[in-house]
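What follows is a short report on a single structure.
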Amino acid sequence: ALVMSIAILFFLPILHTSKSQGLQFYPMNQILFWYMFIIVILLTWIGARPVENPYILTGQILTVLYFLYYIINPIVSKIWDKTLNY
């Protein structure tokens, strides 16, 4: 999971197939961006906590949400492109 969390960042330019380059035309993706920002901040905070019961579960849930972002974001972009008829 640690290697994939970094490796997925290298594949983002290859997987980006949206017609528009900026997020200004994708309001749902703007919301998802801030969702991702909060998850990264929380994962950083959880990484500084001791390995104890409530922090383990919280870290696992946040990790699933981190990877789920990379699945949901392209799908939302494609749906928005179809809505705008690009």
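Here, A, B, ... name the chains of the structure tokens in the order displayed, residue numbers run from 1 inside each chain, and ligands are numbered from 1 in the same displayed order.
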(request) Find the residues around segment 40-53 of chain A up to 8 Å (only C-alpha atoms counted), leave out those fewer than 3 positions away in its own chain, and share them as a ChimeraX atom specification. (result) /A:36-37,56-59,62-63,66
(message) At a cut-off of 12 Å, using only C-alpha atoms, what residues contact Met4 of chain A? Leave out same-chain residues fewer than 3 positions from it and give the result as a list in words.
(response)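 My reading of the contact set: Ala1, Ala7, Ile8, Leu9, Phe10, Phe11, Thr63, Tyr66, Phe67 and Tyr70 of chain A.
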Residues from the last selection, N, CA, C and O atoms, saved as an mmCIF file, in the first residue's frame:
data_model
loop_
_atom_site.group_PDB
_atom_site.id
_atom_site.type_symbol
_atom_site.label_atom_id
_atom_site.label_comp_id
_atom_site.auth_asym_id
_atom_site.auth_seq_id
_atom_site.Cartn_x
_atom_site.Cartn_y
_atom_site.Cartn_z
ATOM 1 N N ALA A 1 0.829 -1.185 0.000
ATOM 2 C CA ALA A 1 0.000 0.000 0.000
ATOM 3 C C ALA A 1 0.879 1.258 0.000
ATOM 4 O O ALA A 1 0.529 2.252 -0.625
ATOM 5 N N ALA A 7 3.204 5.356 -6.161
ATOM 6 C CA ALA A 7 3.208 4.986 -7.580
ATOM 7 C C ALA A 7 1.978 5.505 -8.314
ATOM 8 O O ALA A 7 2.059 5.827 -9.504
ATOM 9 N N ILE A 8 0.867 5.604 -7.622
ATOM 10 C CA ILE A 8 -0.358 6.085 -8.270
ATOM 11 C C ILE A 8 -0.207 7.532 -8.734
ATOM 12 O O ILE A 8 -0.810 7.947 -9.709
ATOM 13 N N LEU A 9 0.647 8.291 -8.060
ATOM 14 C CA LEU A 9 0.885 9.679 -8.464
ATOM 15 C C LEU A 9 1.632 9.770 -9.793
ATOM 16 O O LEU A 9 1.490 10.747 -10.527
ATOM 17 N N PHE A 10 2.434 8.749 -10.114
ATOM 18 C CA PHE A 10 3.140 8.731 -11.391
ATOM 19 C C PHE A 10 2.216 8.393 -12.557
ATOM 20 O O PHE A 10 2.471 8.768 -13.692
ATOM 21 N N PHE A 11 1.125 7.673 -12.268
ATOM 22 C CA PHE A 11 0.198 7.270 -13.315
ATOM 23 C C PHE A 11 -0.894 8.302 -13.582
ATOM 24 O O PHE A 11 -1.623 8.185 -14.562
ATOM 25 N N THR A 63 -7.105 5.163 4.614
ATOM 26 C CA THR A 63 -6.334 4.597 3.503
ATOM 27 C C THR A 63 -7.256 4.125 2.390
ATOM 28 O O THR A 63 -6.988 4.358 1.204
ATOM 29 N N TYR A 66 -8.452 7.143 0.632
ATOM 30 C CA TYR A 66 -7.380 7.709 -0.193
ATOM 31 C C TYR A 66 -7.356 7.046 -1.568
ATOM 32 O O TYR A 66 -7.330 7.714 -2.602
ATOM 33 N N PHE A 67 -7.378 5.719 -1.595
ATOM 34 C CA PHE A 67 -7.341 5.018 -2.877
ATOM 35 C C PHE A 67 -8.674 5.119 -3.614
ATOM 36 O O PHE A 67 -8.708 5.089 -4.851
ATOM 37 N N TYR A 70 -8.922 8.013 -6.173
ATOM 38 C CA TYR A 70 -8.328 7.826 -7.500
ATOM 39 C C TYR A 70 -9.211 6.974 -8.411
ATOM 40 O O TYR A 70 -8.995 6.941 -9.617
#
(message) Set the distance at 9 Å and use only C-alpha atoms: which residues neighbour Tyr69 of chain A once local chain neighbours fewer than 2 positions away are removed? I'd like the list as a count of residues only.
(response) 12
(request) Would you please extract all alpha helix (DSSP H) residues from segment 2-78 of chain A, as assigned by DSSP on the backbone, and give them as a ChimeraX atom specification? (result) /A:2-15,27-47,53-78
(request) Measuring atom to atom with only C-alpha atoms, identify which of A:Pro13, A:Met28, A:Ile39, A:Lys82 is nearest to Leu68 of chain A. (result) A:Ile39
(request) State, in Å with one decimal place, the distance from atom CA of Phe25 of chain A to atom CA of Ser5 of chain A. (result)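 The value is 26.9 Å.
With atom CA of Trp34 of chain A on one side and atom CA of Lys78 of chain A on the other, the separation reads 19.1 Å.
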